[in-house]
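Enquirer: Got a structure for you, questions after.
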Amino acid sequence: ATPVFDGATEEEIAELLELAGAQTNGQTVLFDGRTGDAFHEDVTVGIMYMLKLHHLVDDKIH
């Protein structure tokens, strides 16, 4: 498997974020869906990669 950011530096990512009109720290303003008010702090939004543990204890009992 190839790492997600294989070879990309932090500076390159910050430059691409700036070209896209986003903040270079990768955070953005989120709004409350009920009131429409902006949250007080900027939030990082993205995809989290998770792996599932396939070898469970029940599968190892002979």
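Following the order of the structure tokens, first chain is A, next is B, and so on, with residues numbered from 1 inside each chain and ligands from 1 in the order they appear.
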Could you pull out the alpha helix (DSSP H) residues of chain A, going by DSSP on the backbone, and write them as JSON, numbers by chain?
Expert: {"A": [10, 11, 12, 13, 14, 15, 16, 17, 18, 19, 57, 58, 59, 60]}
Enquirer: Generate a file of the selected residues that holds N, CA and C atoms, formatted as a CSV table (one decimal), in the first residue's frame.
Expert:
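Contents of out-v2.csv, freshly written:
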chain,number,residue,atom,x,y,z
A,10,GLU,N,5.0,19.5,4.0
A,10,GLU,CA,4.1,20.4,4.7
A,10,GLU,C,4.0,21.8,3.9
A,11,GLU,N,5.1,22.2,3.4
A,11,GLU,CA,5.1,23.5,2.6
A,11,GLU,C,4.3,23.3,1.3
A,12,GLU,N,4.4,22.2,0.6
A,12,GLU,CA,3.6,22.0,-0.6
A,12,GLU,C,2.1,22.0,-0.3
A,13,ILE,N,1.8,21.3,0.8
A,13,ILE,CA,0.3,21.2,1.1
A,13,ILE,C,-0.2,22.6,1.5
A,14,ALA,N,0.6,23.4,2.2
A,14,ALA,CA,0.2,24.8,2.6
A,14,ALA,C,0.0,25.6,1.4
A,15,GLU,N,0.9,25.5,0.4
A,15,GLU,CA,0.9,26.2,-0.9
A,15,GLU,C,-0.4,25.9,-1.7
A,16,LEU,N,-0.7,24.6,-1.7
A,16,LEU,CA,-1.9,24.2,-2.4
A,16,LEU,C,-3.2,24.7,-1.7
A,17,LEU,N,-3.2,24.7,-0.4
A,17,LEU,CA,-4.4,25.2,0.3
A,17,LEU,C,-4.5,26.7,0.0
A,18,GLU,N,-3.4,27.4,0.0
A,18,GLU,CA,-3.5,28.9,-0.3
A,18,GLU,C,-4.0,29.1,-1.7
A,19,LEU,N,-3.6,28.3,-2.7
A,19,LEU,CA,-4.0,28.5,-4.1
A,19,LEU,C,-5.5,28.2,-4.2
A,57,VAL,N,-10.1,-12.4,19.2
A,57,VAL,CA,-9.8,-13.5,20.1
A,57,VAL,C,-10.7,-14.7,19.8
A,58,ASP,N,-12.0,-14.5,19.5
A,58,ASP,CA,-12.9,-15.6,19.2
A,58,ASP,C,-12.5,-16.5,18.1
A,59,ASP,N,-11.8,-15.9,17.1
A,59,ASP,CA,-11.3,-16.6,15.9
A,59,ASP,C,-10.1,-17.4,16.2
A,60,LYS,N,-9.4,-17.2,17.4
A,60,LYS,CA,-8.2,-17.9,17.7
A,60,LYS,C,-8.4,-19.1,18.6
Enquirer: What lies within 9 Å of A:Val45 using only C-alpha atoms, ignoring chain neighbours under 5 positions off, as a PyMOL selection string?
Expert: chain A and resi 26-28
Enquirer: For the residues in the current selection, export N, CA and C atoms as a compact mmCIF listing (two decimals), in the first residue's frame.
Expert:
# COMPACT_ATOMS: atom_id res chain seq x y z
N GLY A 26 -5.16 24.54 7.36
CA GLY A 26 -6.09 23.45 7.07
C GLY A 26 -7.39 23.51 7.84
N GLN A 27 -7.61 24.58 8.58
CA GLN A 27 -8.84 24.69 9.36
C GLN A 27 -9.84 25.61 8.65
N THR A 28 -11.10 25.51 9.06
CA THR A 28 -12.15 26.31 8.45
C THR A 28 -13.20 26.66 9.49
Enquirer: Could you give me, as a list in words, each residue of chain A that DSSP assigns to strand (DSSP E or B) when run on this structure's backbone?
Expert: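 Assigned to strand (DSSP E or B), within chain A: Gln27, Thr28, Phe31, Ala38, Val43 and Thr44 of chain A.
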Enquirer: Calculate how many Å separate atom CA of A:Met50 from atom CA of A:Leu30, rounding to one decimal.
Expert: 23.8 Å
Enquirer: Got a sec: who's within 12 Å of A:Phe31, counting only C-alpha atoms, leaving out chain neighbours fewer than 3 positions off, as number ranges by chain?
Expert: A: 28, 34-43
Enquirer: If you keep N, CA and C atoms, can you produce a file of those selected residues as a PDB file, in the first residue's frame?
Expert:
ATOM      1  N   THR A  28     -11.098  25.505   9.058  1.00  0.00           N
ATOM      2  CA  THR A  28     -12.153  26.313   8.446  1.00  0.00           C
ATOM      3  C   THR A  28     -13.205  26.664   9.492  1.00  0.00           C
ATOM      4  N   ARG A  34     -28.380  24.368  13.628  1.00  0.00           N
ATOM      5  CA  ARG A  34     -29.669  24.780  14.200  1.00  0.00           C
ATOM      6  C   ARG A  34     -29.824  26.286  14.238  1.00  0.00           C
ATOM      7  N   THR A  35     -28.757  26.986  14.658  1.00  0.00           N
ATOM      8  CA  THR A  35     -28.867  28.437  14.834  1.00  0.00           C
ATOM      9  C   THR A  35     -28.258  29.230  13.688  1.00  0.00           C
ATOM     10  N   GLY A  36     -27.337  28.624  12.942  1.00  0.00           N
ATOM     11  CA  GLY A  36     -26.659  29.339  11.868  1.00  0.00           C
ATOM     12  C   GLY A  36     -25.475  30.152  12.346  1.00  0.00           C
ATOM     13  N   ASP A  37     -25.202  30.129  13.655  1.00  0.00           N
ATOM     14  CA  ASP A  37     -24.071  30.874  14.209  1.00  0.00           C
ATOM     15  C   ASP A  37     -22.768  30.126  13.955  1.00  0.00           C
ATOM     16  N   ALA A  38     -21.700  30.886  13.736  1.00  0.00           N
ATOM     17  CA  ALA A  38     -20.379  30.284  13.550  1.00  0.00           C
ATOM     18  C   ALA A  38     -19.840  29.833  14.904  1.00  0.00           C
ATOM     19  N   PHE A  39     -19.129  28.705  14.900  1.00  0.00           N
ATOM     20  CA  PHE A  39     -18.467  28.264  16.124  1.00  0.00           C
ATOM     21  C   PHE A  39     -17.315  29.221  16.436  1.00  0.00           C
ATOM     22  N   HIS A  40     -16.931  29.300  17.703  1.00  0.00           N
ATOM     23  CA  HIS A  40     -15.928  30.271  18.144  1.00  0.00           C
ATOM     24  C   HIS A  40     -14.527  29.955  17.632  1.00  0.00           C
ATOM     25  N   GLU A  41     -14.211  28.693  17.449  1.00  0.00           N
ATOM     26  CA  GLU A  41     -12.880  28.284  17.003  1.00  0.00           C
ATOM     27  C   GLU A  41     -12.954  27.644  15.624  1.00  0.00           C
ATOM     28  N   ASP A  42     -11.901  27.823  14.840  1.00  0.00           N
ATOM     29  CA  ASP A  42     -11.811  27.134  13.554  1.00  0.00           C
ATOM     30  C   ASP A  42     -11.618  25.642  13.803  1.00  0.00           C
ATOM     31  N   VAL A  43     -12.055  24.819  12.857  1.00  0.00           N
ATOM     32  CA  VAL A  43     -12.057  23.371  13.031  1.00  0.00           C
ATOM     33  C   VAL A  43     -11.373  22.723  11.834  1.00  0.00           C
TER      34      VAL A  43
END
Enquirer: What's the separation between atom CA of A:Asp32 and atom CA of A:Gly46, in Å to one decimal place?
Expert: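 Pair atom CA of A:Asp32 / atom CA of A:Gly46 returns 17.7 Å.
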